[in-house]
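See below for work_24.cif, which holds mmCIF, C-alpha atoms.
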data_my_file
#
loop_
_atom_site.group_PDB
_atom_site.id
_atom_site.type_symbol
_atom_site.label_atom_id
_atom_site.label_comp_id
_atom_site.auth_asym_id
_atom_site.auth_seq_id
_atom_site.Cartn_x
_atom_site.Cartn_y
_atom_site.Cartn_z
ATOM 1 C CA TYR H 186 -7.320 -48.791 42.341
ATOM 2 C CA SER H 187 -8.866 -45.401 42.884
ATOM 3 C CA PHE H 188 -7.680 -41.985 41.801
ATOM 4 C CA GLY H 189 -9.286 -40.145 44.730
ATOM 5 C CA ALA H 190 -11.808 -37.392 45.266
ATOM 6 C CA ARG H 191 -12.615 -35.364 42.185
ATOM 7 C CA SER H 192 -16.314 -34.701 42.698
ATOM 8 C CA PHE H 193 -18.959 -34.025 45.302
ATOM 9 C CA SER H 194 -21.997 -36.210 45.934
ATOM 10 C CA ILE H 195 -25.403 -35.644 47.492
ATOM 11 C CA PHE H 196 -27.179 -38.442 49.323
ATOM 12 C CA ASP H 197 -30.830 -38.699 50.358
ATOM 13 C CA LEU H 198 -31.922 -39.533 53.918
ATOM 14 C CA ASP H 199 -31.843 -43.259 53.096
ATOM 15 C CA GLY H 200 -28.176 -43.038 52.148
ATOM 16 C CA GLN H 201 -28.782 -43.360 48.414
ATOM 17 C CA ARG H 202 -26.625 -41.190 46.195
ATOM 18 C CA ILE H 203 -28.904 -38.932 44.154
ATOM 19 C CA PHE H 204 -26.247 -36.703 42.556
ATOM 20 C CA ASP H 205 -22.552 -36.801 41.748
ATOM 21 C CA SER H 206 -20.769 -33.940 40.026
ATOM 22 C CA GLY H 207 -18.495 -36.286 38.066
ATOM 23 C CA ASN H 208 -15.799 -34.319 36.256
ATOM 24 C CA GLN H 209 -17.531 -30.915 36.524
ATOM 25 C CA LEU H 210 -15.094 -29.552 39.121
ATOM 26 C CA SER H 211 -12.062 -30.647 37.120
ATOM 27 C CA ASP H 212 -13.547 -29.101 33.993
ATOM 28 C CA LEU H 213 -14.086 -25.791 35.830
ATOM 29 C CA ALA H 214 -10.592 -25.677 37.287
ATOM 30 C CA ASN H 215 -8.909 -26.874 34.141
ATOM 31 C CA SER H 216 -10.375 -24.148 32.001
ATOM 32 C CA GLU H 217 -7.276 -22.290 33.202
ATOM 33 C CA GLN H 218 -4.987 -24.673 31.256
ATOM 34 C CA HIS H 219 -3.281 -26.004 34.373
ATOM 35 C CA TRP H 220 -4.571 -29.566 34.466
ATOM 36 C CA ASN H 221 -4.439 -31.007 38.000
ATOM 37 C CA ALA H 222 -1.784 -28.629 39.331
ATOM 38 C CA SER H 223 -0.979 -28.969 43.014
ATOM 39 C CA ASN H 224 -1.252 -26.165 45.537
ATOM 40 C CA ASP H 225 2.510 -26.024 46.032
ATOM 41 C CA ASN H 226 3.732 -25.875 42.435
ATOM 42 C CA GLN H 227 2.534 -24.900 38.955
ATOM 43 C CA ALA H 228 3.348 -28.221 37.270
ATOM 44 C CA SER H 229 0.510 -29.443 35.076
ATOM 45 C CA ASP H 230 -0.740 -32.978 35.805
ATOM 46 C CA ASP H 231 0.918 -33.050 39.248
ATOM 47 C CA ARG H 232 -2.256 -34.371 40.939
ATOM 48 C CA SER H 233 -3.711 -36.859 38.447
ATOM 49 C CA ASP H 234 -2.212 -39.815 40.321
ATOM 50 C CA ASP H 235 -3.475 -38.485 43.660
ATOM 51 C CA LYS H 236 -6.806 -36.764 44.224
ATOM 52 C CA GLY H 237 -7.142 -34.402 41.283
ATOM 53 C CA VAL H 238 -8.573 -31.000 42.233
ATOM 54 C CA GLU H 239 -9.473 -32.443 45.683
ATOM 55 C CA PRO H 240 -12.738 -30.792 46.700
ATOM 56 C CA GLU H 241 -12.313 -30.440 50.442
ATOM 57 C CA ALA H 242 -13.707 -27.242 51.900
ATOM 58 C CA ILE H 243 -17.504 -27.024 51.872
ATOM 59 C CA THR H 244 -20.312 -25.120 53.464
ATOM 60 C CA VAL H 245 -24.002 -24.927 52.630
ATOM 61 C CA ALA H 246 -25.965 -21.766 53.333
ATOM 62 C CA GLU H 247 -29.611 -20.847 53.004
ATOM 63 C CA ILE H 248 -29.711 -17.535 51.162
ATOM 64 C CA ASN H 249 -33.027 -15.953 50.186
ATOM 65 C CA GLY H 250 -34.738 -19.351 50.348
ATOM 66 C CA ALA H 251 -32.152 -21.155 48.213
ATOM 67 C CA HIS H 252 -29.604 -23.671 49.500
ATOM 68 C CA ILE H 253 -26.184 -22.776 48.127
ATOM 69 C CA ALA H 254 -23.162 -25.090 48.424
ATOM 70 C CA PHE H 255 -19.723 -23.510 48.318
ATOM 71 C CA ILE H 256 -16.997 -26.024 47.472
ATOM 72 C CA GLY H 257 -13.281 -25.255 47.718
ATOM 73 C CA LEU H 258 -10.796 -27.103 45.524
ATOM 74 C CA GLU H 259 -7.795 -27.605 47.776
ATOM 75 C CA ARG H 260 -5.165 -28.448 45.173
ATOM 76 C CA GLN H 261 -6.055 -26.566 41.998
ATOM 77 C CA GLY H 262 -7.620 -23.726 43.910
ATOM 78 C CA GLY H 263 -10.934 -21.983 43.485
ATOM 79 C CA ILE H 264 -14.446 -21.958 44.912
ATOM 80 C CA ALA H 265 -17.473 -23.362 43.086
ATOM 81 C CA ALA H 266 -20.973 -22.252 44.053
ATOM 82 C CA TYR H 267 -23.926 -24.557 43.347
ATOM 83 C CA ASP H 268 -27.622 -24.069 43.988
ATOM 84 C CA VAL H 269 -28.513 -27.388 45.648
ATOM 85 C CA SER H 270 -32.137 -26.505 46.403
ATOM 86 C CA GLN H 271 -33.102 -29.399 44.120
ATOM 87 C CA PRO H 272 -30.587 -31.948 45.477
ATOM 88 C CA ASP H 273 -30.934 -34.360 42.559
ATOM 89 C CA SER H 274 -30.125 -31.632 40.013
ATOM 90 C CA PRO H 275 -27.835 -28.906 41.415
ATOM 91 C CA LYS H 276 -27.066 -25.912 39.241
ATOM 92 C CA LEU H 277 -23.615 -24.382 38.963
ATOM 93 C CA LEU H 278 -23.813 -20.682 39.779
ATOM 94 C CA ASP H 279 -20.203 -19.543 39.589
ATOM 95 C CA PHE H 280 -16.547 -20.504 39.913
ATOM 96 C CA VAL H 281 -13.838 -18.142 41.165
ATOM 97 C CA ASN H 282 -10.124 -18.788 41.543
ATOM 98 C CA ARG H 283 -7.775 -16.139 42.964
ATOM 99 C CA ARG H 284 -4.680 -18.176 42.204
ATOM 100 C CA ASP H 285 -2.282 -16.531 39.766
ATOM 101 C CA PHE H 286 -0.788 -19.261 37.578
ATOM 102 C CA SER H 287 1.589 -16.780 35.941
ATOM 103 C CA GLN H 288 3.533 -16.452 39.219
ATOM 104 C CA ASP H 289 5.878 -18.973 40.796
ATOM 105 C CA VAL H 290 4.307 -20.533 43.886
ATOM 106 C CA CYS H 291 7.560 -20.661 45.865
ATOM 107 C CA THR H 292 10.273 -18.162 46.586
ATOM 108 C CA GLU H 293 12.676 -21.031 47.409
ATOM 109 C CA VAL H 294 12.617 -24.554 45.961
ATOM 110 C CA ASP H 295 14.488 -27.757 46.717
ATOM 111 C CA GLU H 296 16.052 -30.108 44.147
ATOM 112 C CA ASP H 297 12.613 -31.680 43.488
ATOM 113 C CA GLY H 298 11.055 -28.295 42.713
ATOM 114 C CA ASP H 299 9.017 -28.222 45.945
ATOM 115 C CA CYS H 300 8.757 -25.218 48.251
ATOM 116 C CA THR H 301 11.309 -25.182 51.042
ATOM 117 C CA ASN H 302 10.592 -23.879 54.525
ATOM 118 C CA GLY H 303 7.095 -22.724 53.548
ATOM 119 C CA GLN H 304 8.467 -19.924 51.380
ATOM 120 C CA TYR H 305 5.347 -19.171 49.314
ATOM 121 C CA ASN H 306 5.194 -16.268 46.910
ATOM 122 C CA PRO H 307 2.374 -13.909 47.946
ATOM 123 C CA LYS H 308 2.004 -12.886 44.280
ATOM 124 C CA SER H 309 0.780 -16.423 43.464
ATOM 125 C CA GLY H 310 -2.509 -15.684 45.226
ATOM 126 C CA ASP H 311 -4.666 -17.918 47.385
ATOM 127 C CA LEU H 312 -3.430 -21.507 47.658
ATOM 128 C CA GLY H 313 -5.217 -24.467 49.221
ATOM 129 C CA PRO H 314 -8.759 -23.501 50.304
ATOM 130 C CA GLU H 315 -9.187 -25.521 53.497
ATOM 131 C CA SER H 316 -12.287 -24.026 55.120
ATOM 132 C CA ILE H 317 -15.286 -21.941 54.079
ATOM 133 C CA THR H 318 -17.702 -20.076 56.325
ATOM 134 C CA TYR H 319 -20.836 -18.214 55.229
ATOM 135 C CA PHE H 320 -21.978 -15.076 57.052
ATOM 136 C CA SER H 321 -24.122 -12.025 56.440
ATOM 137 C CA ARG H 322 -23.833 -8.469 57.708
ATOM 138 C CA LEU H 323 -26.121 -5.505 57.121
ATOM 139 C CA GLY H 324 -28.095 -7.339 54.444
ATOM 140 C CA ARG H 325 -25.012 -8.413 52.500
ATOM 141 C CA HIS H 326 -23.827 -11.994 52.070
ATOM 142 C CA TYR H 327 -20.226 -13.230 52.299
ATOM 143 C CA ILE H 328 -18.038 -16.278 52.496
ATOM 144 C CA ALA H 329 -14.686 -16.369 54.266
ATOM 145 C CA VAL H 330 -12.145 -18.852 52.917
ATOM 146 C CA GLY H 331 -9.109 -20.018 54.894
ATOM 147 C CA ASN H 332 -6.260 -20.919 52.527
ATOM 148 C CA GLU H 333 -3.949 -23.442 54.141
ATOM 149 C CA VAL H 334 -0.900 -23.222 51.885
ATOM 150 C CA SER H 335 -0.706 -19.468 51.248
ATOM 151 C CA GLY H 336 -1.786 -18.660 54.809
ATOM 152 C CA THR H 337 -4.334 -16.155 53.529
ATOM 153 C CA THR H 338 -7.974 -15.542 54.349
ATOM 154 C CA SER H 339 -10.181 -14.405 51.478
ATOM 155 C CA ILE H 340 -13.516 -12.661 51.919
ATOM 156 C CA TYR H 341 -15.934 -12.823 49.004
ATOM 157 C CA GLN H 342 -19.025 -10.637 48.869
ATOM 158 C CA LEU H 343 -21.770 -12.553 47.093
ATOM 159 C CA GLU H 344 -23.735 -10.841 44.373
ATOM 160 C CA LEU H 345 -27.253 -12.224 44.284
ATOM 161 C CA ASN H 346 -29.506 -12.053 41.255
#
I'd like the structure from this file rewritten - as structure tokens, please.
Amino acid sequence: YSFGARSFSIFDLDGQRIFDSGNQLSDLANSEQHWNASNDNQASDDRSDDKGVEPEAITVAEINGAHIAFIGLERQGGIAAYDVSQPDSPKLLDFVNRRDFSQDVCTEVDEDGDCTNGQYNPKSGDLGPESITYFSRLGRHYIAVGNEVSGTTSIYQLELN
């Protein structure tokens, strides 16, 4: 039995795993007191029997000589940024989640409490980061995040120290 993807791993060129984030992503997301919520409802512990926070969206960018991995958590929501310049010991830089857990996810629900006809509440924020793209313009650095469930695109300007 396996509970699914809850971490990210880094492998060397020989295929040996040199890092695994373990429960770090769950710990980040669950600081919001919504343990393993899904992207289509606010129920706590809805994803524990599936894939947990489900890190899915990822991009790695070289920014000012550092390699930064941006990892989107499809179910719980949020983007984690890690400096992976030292692949065997990445450093967490930041975690941001634009999901509003105080708002209902759906405007219409069926008898099981699931959204019907894709009726998502825009007040619930960004739901289901599915893709991340890094880009820079005029000396500034950004990531664009496509959110599958809410149908939104988020643009984050990165603040570099």
* Using only C-alpha atoms, can you list as number ranges by chain the residues within 12 Å of (-18.9, -9.1, 47.7)? -> H: 319-322, 324-329, 339-345
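Taking all atoms listed in the file into account, Asp311 (chain H) lies nearest to H:Ile264 out of the set H:Ile264, H:Ala254, H:Leu277, H:Leu323.
Here the question is which of H:Asp285, H:Asp279, H:Glu333, H:Asp273 gets nearest to Gln201 (chain H) using only C-alpha atoms, and that residue is H:Asp273.
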* Quick one: residues within 6 Å of (-20.4, -25.1, 43.3) (file frame), counting all atoms listed in the file, please, as a ChimeraX atom specification. => /H:254-256,265-267,277
* To do: Go ahead and compute the interatomic distance for CA of Gly331 (chain H) and CA of Phe204 (chain H), in Å to one decimal.
  => 26.9 Å
* **Among the residues H:Asn332, H:Gln304, H:Thr244, H:Gln271, the one that comes closest to Arg283 (chain H) [using only C-alpha atoms]** =>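 Closest residue, counting only C-alpha atoms: H:Asn332.
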* Between H:Gly257, H:Gly263, H:Asn208, H:His252, which has the minimum distance to Ser316 (chain H) (counting only C-alpha atoms)? ->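 The closest residue to Ser316 (chain H) is H:Gly257.
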* **Which residue of H:Gln261, H:Lys276, H:Lys308, H:Ser194 approaches Ile243 (chain H) most closely, using all atoms listed in the file** =>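 Checking each of H:Gln261, H:Lys276, H:Lys308, H:Ser194 against Ile243 (chain H), counting all atoms listed in the file, the winner is H:Ser194.
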* To do: Given the file shown, enumerate the residues that the PyMOL selection byres ((chain H and resi 312) around 9) captures and present them as a list in words.
  => Asn224, Asp225, Glu259, Arg260, Gln261, Gly262, Gly263, Arg283, Arg284, Val290, Ser309, Gly310, Asp311, Gly313, Pro314, Asn332, Glu333, Val334, Ser335, Gly336 and Thr337 of chain H
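Taking all atoms listed in the file into account, Ala246 (chain H) lies nearest to H:Val269 out of the set H:Val269, H:Val281, H:Leu210, H:Leu198.
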* Could you work out how far CA of Asn249 (chain H) lies from CA of Phe280 (chain H), giving the answer in Å with one decimal? ->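 Going from CA of Phe280 (chain H) over to CA of Asn249 (chain H), I get 19.9 Å.
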* To one decimal place, how far is CA of Pro272 (chain H) from CA of Gly207 (chain H) in Å? ->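 So the answer is 14.8 Å.
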* Quick one: everything within 6 Å of Ala251 (chain H), counting only C-alpha atoms, minus sequence neighbours fewer than 3 positions away in the same chain. Send it as a list in words. =>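 Surrounding residues, per the criterion: Glu247, Ile248 and Ser270 of chain H.
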Mind working out the centre and edge lengths of an axis-aligned box for region 308-316 of chain H, all listed atoms inside, 8 Å added to each side, rounded to one decimal in Å and written as lines of an AutoDock Vina configuration file?
center_x = -5.1
center_y = -19.2
center_z = 49.3
size_x = 30.3
size_y = 28.6
size_z = 27.7
